[in-house]
Amino acid sequence: MSVFTTVTPDEASAWLSQYAIGKLVELNGISSGIENTNYFLTTTHGRYVLTLFEKLTHAELPYFLNLMDHLARHGVPCPQPVANIADSLLASLNGKPASIVSCLSGQSLETPGIAHCAQVGETLADIHLAGKTFPIQRSNPRGAAWWKATAQQVAPFLDAEAARLLNDELRFQALHRLQDLPRGVVHADLFRDNVLFDGERLGGVIDFYFACHDVWLYDVAIAVNDWCVSGDGALDEAHMLALLGAYHAVRPFTPIERGAWPVMLRAAALRFWVSRLHDLHFPRPGELTHAKDPGQFERILRQRVAAQSQLQRVWV
Ligand SMILES: Nc1ncnc2c1ncn2[C@@H]1O[C@H](COP(=O)(O)OP(=O)(O)OP(=O)(O)O)[C@@H](O)[C@H]1O
Ligand SMILES: N[C@@H](CCO)C(=O)O
């Protein structure tokens, strides 16, 4: 249940006087999501999502809200933050930083098809291109330095085989830091639960709270590792080619990106294996136990290591 901070209809009504979006009609808590408190908020002007941020601070949030504002202005289907009458995208409600964003249509998919993967690839390329003029840069808090430090914390919980895989991959990635790859704004968490589909049409991308400035191809690899896999973590080639092909049609991959593809898939698998291990073994105090299975990304990493040379050949 992801209403960590309760907002009553009376509190929401009073708070809405800071906005020019009409009067409260309905307020419904959203049960999915594990980071923030989210409500569907219906007013006399329309339907919105109200978020109370449980961990991100007033200092951190302008990056994300301004980024969504920037992308939405460029036509990317993502939540459009609503400014209040003081012209701020960020306010406070019940002691938490809070914002209102537009409500997108659709539901997330568990088993996407080829056409869905293509739309994800196209939209990810749109995000990368539209992000080129975003003036703020945020370094990746889950980058290589974080993997290394966090791997040391989680290693004692691993059996010998998994510990060896983790060590080997950290060493491999350290030897393959590809500084010349094109970079810019990345979503950095474009999993299936962060894309809404309205029937067959992509309704929007949500949850930009890991967004940062990093390698674009890494962002593509994160998406492929979640959208284009079968149960054992192996890549579904048709899904992958659909995603890559649609991305490439909007922002063509460079030769150096083609060469870096297998390394990026491994890096993206390592990042989520480590973060899931960390969330499992070091839950934050008071956190609900929603830890996702680290084993899935251990399997994905093993698959990508085994398929390294074959992946070099699979390309759009
Ligand atoms: N702008 C939006 N439009 C429509 N639905 C939204 C929007 N934002 C969030 N939702 C709905 O709320 C749910 C929870 O949102 P979200 O995934 O951002 O949760 P969270 O707790 O903030 O993050 P996390 O995914 O990390 O748990 C989504 O699955 C989606 O159904
Ligand atoms: N998408 C991440 C969760 C953090 O948003 C995962 O599946 O591990």
# chains A, B, ... in the order shown; residues from 1 in each chain; ligands from 1
>>> residues_near_ligand(ligand="ligand 1", cutoff="8 Å", atoms="only C-alpha atoms and all ligand atoms", output="PyMOL selection string")
chain A and resi 2+30-40+48-49+51+53+78-80+101-108+193-194+196+204+206-207+209
>>> write_last_selection(atoms="C-alpha atoms", output="PDB file, in the first residue's frame")
ATOM      1  CA  SER A   2       1.570   3.238  -0.971  1.00  0.00           C
ATOM      2  CA  ILE A  30      -2.951   4.726  -5.349  1.00  0.00           C
ATOM      3  CA  SER A  31      -1.974   1.314  -4.070  1.00  0.00           C
ATOM      4  CA  SER A  32       1.030   0.540  -6.306  1.00  0.00           C
ATOM      5  CA  GLY A  33       4.470   2.130  -6.002  1.00  0.00           C
ATOM      6  CA  ILE A  34       6.855   1.794  -3.103  1.00  0.00           C
ATOM      7  CA  GLU A  35       8.710   5.098  -2.895  1.00  0.00           C
ATOM      8  CA  ASN A  36       6.127   7.851  -2.559  1.00  0.00           C
ATOM      9  CA  THR A  37       2.574   8.550  -1.503  1.00  0.00           C
ATOM     10  CA  ASN A  38       0.426   8.960  -4.618  1.00  0.00           C
ATOM     11  CA  TYR A  39      -3.228   9.971  -4.979  1.00  0.00           C
ATOM     12  CA  PHE A  40      -5.439  10.327  -8.014  1.00  0.00           C
ATOM     13  CA  TYR A  48      -4.223  14.825 -11.776  1.00  0.00           C
ATOM     14  CA  VAL A  49      -1.796  12.839  -9.639  1.00  0.00           C
ATOM     15  CA  THR A  51       2.557  12.973  -4.980  1.00  0.00           C
ATOM     16  CA  PHE A  53       7.674  12.636  -1.622  1.00  0.00           C
ATOM     17  CA  CYS A  78       5.216  12.196 -19.454  1.00  0.00           C
ATOM     18  CA  PRO A  79       3.606  13.825 -16.422  1.00  0.00           C
ATOM     19  CA  GLN A  80       3.377  17.600 -16.753  1.00  0.00           C
ATOM     20  CA  VAL A 101       1.230  16.420 -12.174  1.00  0.00           C
ATOM     21  CA  SER A 102      -1.070  15.621 -15.083  1.00  0.00           C
ATOM     22  CA  CYS A 103      -2.657  12.168 -15.023  1.00  0.00           C
ATOM     23  CA  LEU A 104      -1.638  10.006 -17.968  1.00  0.00           C
ATOM     24  CA  SER A 105      -3.873   7.347 -19.410  1.00  0.00           C
ATOM     25  CA  GLY A 106      -3.114   3.653 -19.478  1.00  0.00           C
ATOM     26  CA  GLN A 107      -1.768   0.750 -17.440  1.00  0.00           C
ATOM     27  CA  SER A 108       1.628  -0.863 -17.194  1.00  0.00           C
ATOM     28  CA  ASP A 193       6.116  -0.600 -14.457  1.00  0.00           C
ATOM     29  CA  ASN A 194       7.191   2.899 -15.494  1.00  0.00           C
ATOM     30  CA  LEU A 196       1.656   3.180 -19.230  1.00  0.00           C
ATOM     31  CA  GLY A 204       3.174   7.869 -21.015  1.00  0.00           C
ATOM     32  CA  ILE A 206       6.417   7.966 -15.405  1.00  0.00           C
ATOM     33  CA  ASP A 207       8.799   7.865 -12.437  1.00  0.00           C
ATOM     34  CA  TYR A 209      13.243   9.996 -10.001  1.00  0.00           C
TER      35      TYR A 209
END
>>> residues_around(residues="Leu41 in chain A", least_positions_apart="6", cutoff="7 Å", atoms="only C-alpha atoms", output="PDB file with N, CA and C atoms, in the first residue's frame")
ATOM      1  N   GLU A  26     -12.681  14.517  -6.097  1.00  0.00           N
ATOM      2  CA  GLU A  26     -12.412  13.172  -5.570  1.00  0.00           C
ATOM      3  C   GLU A  26     -10.925  12.990  -5.304  1.00  0.00           C
ATOM      4  N   LEU A  27     -10.616  12.231  -4.261  1.00  0.00           N
ATOM      5  CA  LEU A  27      -9.221  11.950  -3.913  1.00  0.00           C
ATOM      6  C   LEU A  27      -9.121  10.458  -3.608  1.00  0.00           C
ATOM      7  N   ASN A  28      -8.293   9.734  -4.383  1.00  0.00           N
ATOM      8  CA  ASN A  28      -8.178   8.280  -4.169  1.00  0.00           C
ATOM      9  C   ASN A  28      -6.726   7.872  -4.056  1.00  0.00           C
ATOM     10  N   ARG A  47      -8.220  15.699 -14.166  1.00  0.00           N
ATOM     11  CA  ARG A  47      -7.679  14.597 -13.364  1.00  0.00           C
ATOM     12  C   ARG A  47      -6.159  14.755 -13.266  1.00  0.00           C
ATOM     13  N   TYR A  48      -5.650  14.607 -12.046  1.00  0.00           N
ATOM     14  CA  TYR A  48      -4.223  14.825 -11.776  1.00  0.00           C
ATOM     15  C   TYR A  48      -3.716  13.714 -10.862  1.00  0.00           C
ATOM     16  N   VAL A  49      -2.397  13.711 -10.663  1.00  0.00           N
ATOM     17  CA  VAL A  49      -1.796  12.839  -9.639  1.00  0.00           C
ATOM     18  C   VAL A  49      -1.100  13.740  -8.632  1.00  0.00           C
ATOM     19  N   LEU A  50      -1.430  13.513  -7.366  1.00  0.00           N
ATOM     20  CA  LEU A  50      -0.794  14.241  -6.267  1.00  0.00           C
ATOM     21  C   LEU A  50       0.254  13.320  -5.652  1.00  0.00           C
TER      22      LEU A  50
END
>>> residues_near_ligand(ligand="ligand 2", cutoff="7 Å", atoms="only C-alpha atoms and all ligand atoms", output="PyMOL selection string")
chain A and resi 189+191+272+275-276+292
>>> write_last_selection(atoms="C-alpha atoms", output="short mmCIF file (atom, residue, chain, number, x, y, z; two decimals), in the first residue's frame")
data_model
loop_
_atom_site.label_atom_id
_atom_site.label_comp_id
_atom_site.auth_asym_id
_atom_site.auth_seq_id
_atom_site.Cartn_x
_atom_site.Cartn_y
_atom_site.Cartn_z
CA ASP A 189 14.74 3.18 -14.70
CA PHE A 191 11.15 -0.75 -16.61
CA PHE A 272 20.11 -3.60 -10.82
CA SER A 275 20.67 -2.38 -6.02
CA ARG A 276 18.25 -5.27 -5.50
CA LYS A 292 12.45 -7.18 -5.75
#
>>> select_by_dssp(residues="range 184-253 of chain A", states="helix (DSSP H, G or I)", output="PyMOL selection string")
chain A and resi 192-194+216-227+237-250
>>> closest_residue(among="A:Asp69, A:Ala83, A:Gly95, A:Val25", to="Ala130 in chain A", atoms="only C-alpha atoms")
A:Asp69
>>> atom_distance(atom1="CA of Ala267 in chain A", atom2="CA of Gly203 in chain A")
28.7 Å
>>> atom_distance(atom1="CA of Thr123 in chain A", atom2="CA of Glu237 in chain A")
19.5 Å
>>> closest_atom_pairs(of="range 171-219 of chain A", to="range 140-162 of chain A", cutoff="9 Å", atoms="only C-alpha atoms", output="tab-separated table")
residue	atom	partner	partner_atom	distance
A:Gln173	CA	A:Ala144	CA	8.4
A:Ala174	CA	A:Ala144	CA	8.1
A:Ala188	CA	A:Asn140	CA	8.8
A:Phe210	CA	A:Asn140	CA	8.0
A:Ala211	CA	A:Asn140	CA	7.8
A:Cys212	CA	A:Asn140	CA	5.4
A:His213	CA	A:Asn140	CA	6.3
A:Asp214	CA	A:Asn140	CA	6.6
>>> select_by_dssp(residues="range 26-151 of chain A", states="strand (DSSP E)", output="list in words")
Glu26, Leu27, Asn28, Gly29, Thr37, Asn38, Tyr39, Phe40, Leu41, Thr42, Thr43, Gly46, Arg47, Tyr48, Val49, Leu50, Thr51, Leu52, Ala91, Ser92, Leu93, Lys96, Pro97, Ala98, Ser99, Ile100, Val101 and Ser102 of chain A
>>> write_last_selection(atoms="N, CA and C atoms", output="mmCIF file, in the first residue's frame")
data_model
loop_
_atom_site.group_PDB
_atom_site.id
_atom_site.type_symbol
_atom_site.label_atom_id
_atom_site.label_comp_id
_atom_site.auth_asym_id
_atom_site.auth_seq_id
_atom_site.Cartn_x
_atom_site.Cartn_y
_atom_site.Cartn_z
ATOM 1 N N GLU A 26 -12.681 14.517 -6.097
ATOM 2 C CA GLU A 26 -12.412 13.172 -5.570
ATOM 3 C C GLU A 26 -10.925 12.990 -5.304
ATOM 4 N N LEU A 27 -10.616 12.231 -4.261
ATOM 5 C CA LEU A 27 -9.221 11.950 -3.913
ATOM 6 C C LEU A 27 -9.121 10.458 -3.608
ATOM 7 N N ASN A 28 -8.293 9.734 -4.383
ATOM 8 C CA ASN A 28 -8.178 8.280 -4.169
ATOM 9 C C ASN A 28 -6.726 7.872 -4.056
ATOM 10 N N GLY A 29 -6.368 7.199 -2.965
ATOM 11 C CA GLY A 29 -5.004 6.704 -2.793
ATOM 12 C C GLY A 29 -4.667 5.676 -3.867
ATOM 13 N N THR A 37 4.029 8.595 -1.657
ATOM 14 C CA THR A 37 2.574 8.550 -1.503
ATOM 15 C C THR A 37 1.956 9.179 -2.743
ATOM 16 N N ASN A 38 1.071 8.440 -3.406
ATOM 17 C CA ASN A 38 0.426 8.960 -4.618
ATOM 18 C C ASN A 38 -1.093 8.882 -4.487
ATOM 19 N N TYR A 39 -1.760 9.938 -4.926
ATOM 20 C CA TYR A 39 -3.228 9.971 -4.979
ATOM 21 C C TYR A 39 -3.677 10.374 -6.375
ATOM 22 N N PHE A 40 -4.738 9.752 -6.872
ATOM 23 C CA PHE A 40 -5.439 10.327 -8.014
ATOM 24 C C PHE A 40 -6.299 11.459 -7.460
ATOM 25 N N LEU A 41 -6.166 12.620 -8.090
ATOM 26 C CA LEU A 41 -6.838 13.829 -7.603
ATOM 27 C C LEU A 41 -7.722 14.349 -8.734
ATOM 28 N N THR A 42 -9.023 14.314 -8.517
ATOM 29 C CA THR A 42 -9.929 14.858 -9.542
ATOM 30 C C THR A 42 -10.457 16.192 -9.041
ATOM 31 N N THR A 43 -10.357 17.211 -9.894
ATOM 32 C CA THR A 43 -10.903 18.528 -9.545
ATOM 33 C C THR A 43 -11.935 18.899 -10.598
ATOM 34 N N GLY A 46 -10.146 18.814 -13.962
ATOM 35 C CA GLY A 46 -9.600 17.610 -14.604
ATOM 36 C C GLY A 46 -9.015 16.632 -13.605
ATOM 37 N N ARG A 47 -8.220 15.699 -14.166
ATOM 38 C CA ARG A 47 -7.679 14.597 -13.364
ATOM 39 C C ARG A 47 -6.159 14.755 -13.266
ATOM 40 N N TYR A 48 -5.650 14.607 -12.046
ATOM 41 C CA TYR A 48 -4.223 14.825 -11.776
ATOM 42 C C TYR A 48 -3.716 13.714 -10.862
ATOM 43 N N VAL A 49 -2.397 13.711 -10.663
ATOM 44 C CA VAL A 49 -1.796 12.839 -9.639
ATOM 45 C C VAL A 49 -1.100 13.740 -8.632
ATOM 46 N N LEU A 50 -1.430 13.513 -7.366
ATOM 47 C CA LEU A 50 -0.794 14.241 -6.267
ATOM 48 C C LEU A 50 0.254 13.320 -5.652
ATOM 49 N N THR A 51 1.489 13.797 -5.577
ATOM 50 C CA THR A 51 2.557 12.973 -4.980
ATOM 51 C C THR A 51 3.128 13.687 -3.756
ATOM 52 N N LEU A 52 3.232 12.949 -2.660
ATOM 53 C CA LEU A 52 3.963 13.432 -1.480
ATOM 54 C C LEU A 52 5.259 12.629 -1.443
ATOM 55 N N ALA A 91 5.631 22.167 -3.680
ATOM 56 C CA ALA A 91 5.024 22.788 -2.499
ATOM 57 C C ALA A 91 5.208 21.824 -1.323
ATOM 58 N N SER A 92 4.533 22.091 -0.216
ATOM 59 C CA SER A 92 4.581 21.174 0.938
ATOM 60 C C SER A 92 3.157 20.820 1.326
ATOM 61 N N LEU A 93 2.981 19.574 1.728
ATOM 62 C CA LEU A 93 1.669 19.142 2.213
ATOM 63 C C LEU A 93 1.892 18.128 3.323
ATOM 64 N N LYS A 96 5.429 17.063 4.012
ATOM 65 C CA LYS A 96 6.234 16.425 2.956
ATOM 66 C C LYS A 96 6.297 17.351 1.734
ATOM 67 N N PRO A 97 7.411 17.297 0.984
ATOM 68 C CA PRO A 97 7.410 17.969 -0.316
ATOM 69 C C PRO A 97 6.316 17.335 -1.177
ATOM 70 N N ALA A 98 5.601 18.159 -1.926
ATOM 71 C CA ALA A 98 4.463 17.618 -2.695
ATOM 72 C C ALA A 98 4.345 18.321 -4.031
ATOM 73 N N SER A 99 3.802 17.585 -5.012
ATOM 74 C CA SER A 99 3.567 18.204 -6.319
ATOM 75 C C SER A 99 2.317 17.602 -6.945
ATOM 76 N N ILE A 100 1.794 18.334 -7.899
ATOM 77 C CA ILE A 100 0.657 17.845 -8.693
ATOM 78 C C ILE A 100 1.153 17.730 -10.130
ATOM 79 N N VAL A 101 0.862 16.595 -10.757
ATOM 80 C CA VAL A 101 1.230 16.420 -12.174
ATOM 81 C C VAL A 101 -0.008 15.954 -12.949
ATOM 82 N N SER A 102 0.048 16.093 -14.260
ATOM 83 C CA SER A 102 -1.070 15.621 -15.083
ATOM 84 C C SER A 102 -1.196 14.102 -14.967
#
>>> atom_distance(atom1="CA of Ala234 in chain A", atom2="CA of Leu301 in chain A")
9.4 Å
>>> residues_around(residues="Gly233 in chain A", least_positions_apart="3", cutoff="12 Å", atoms="only C-alpha atoms", output="list of chain:residue names")
A:Val224, A:Asn225, A:Asp226, A:Trp227, A:Cys228, A:Val229, A:Ser230, A:Asp236, A:Leu265, A:Ala269, A:Pro294, A:Gly295, A:Gln296, A:Phe297, A:Glu298, A:Arg299, A:Ile300, A:Leu301, A:Arg302, A:Gln303, A:Arg304, A:Val305, A:Ala306, A:Ala307
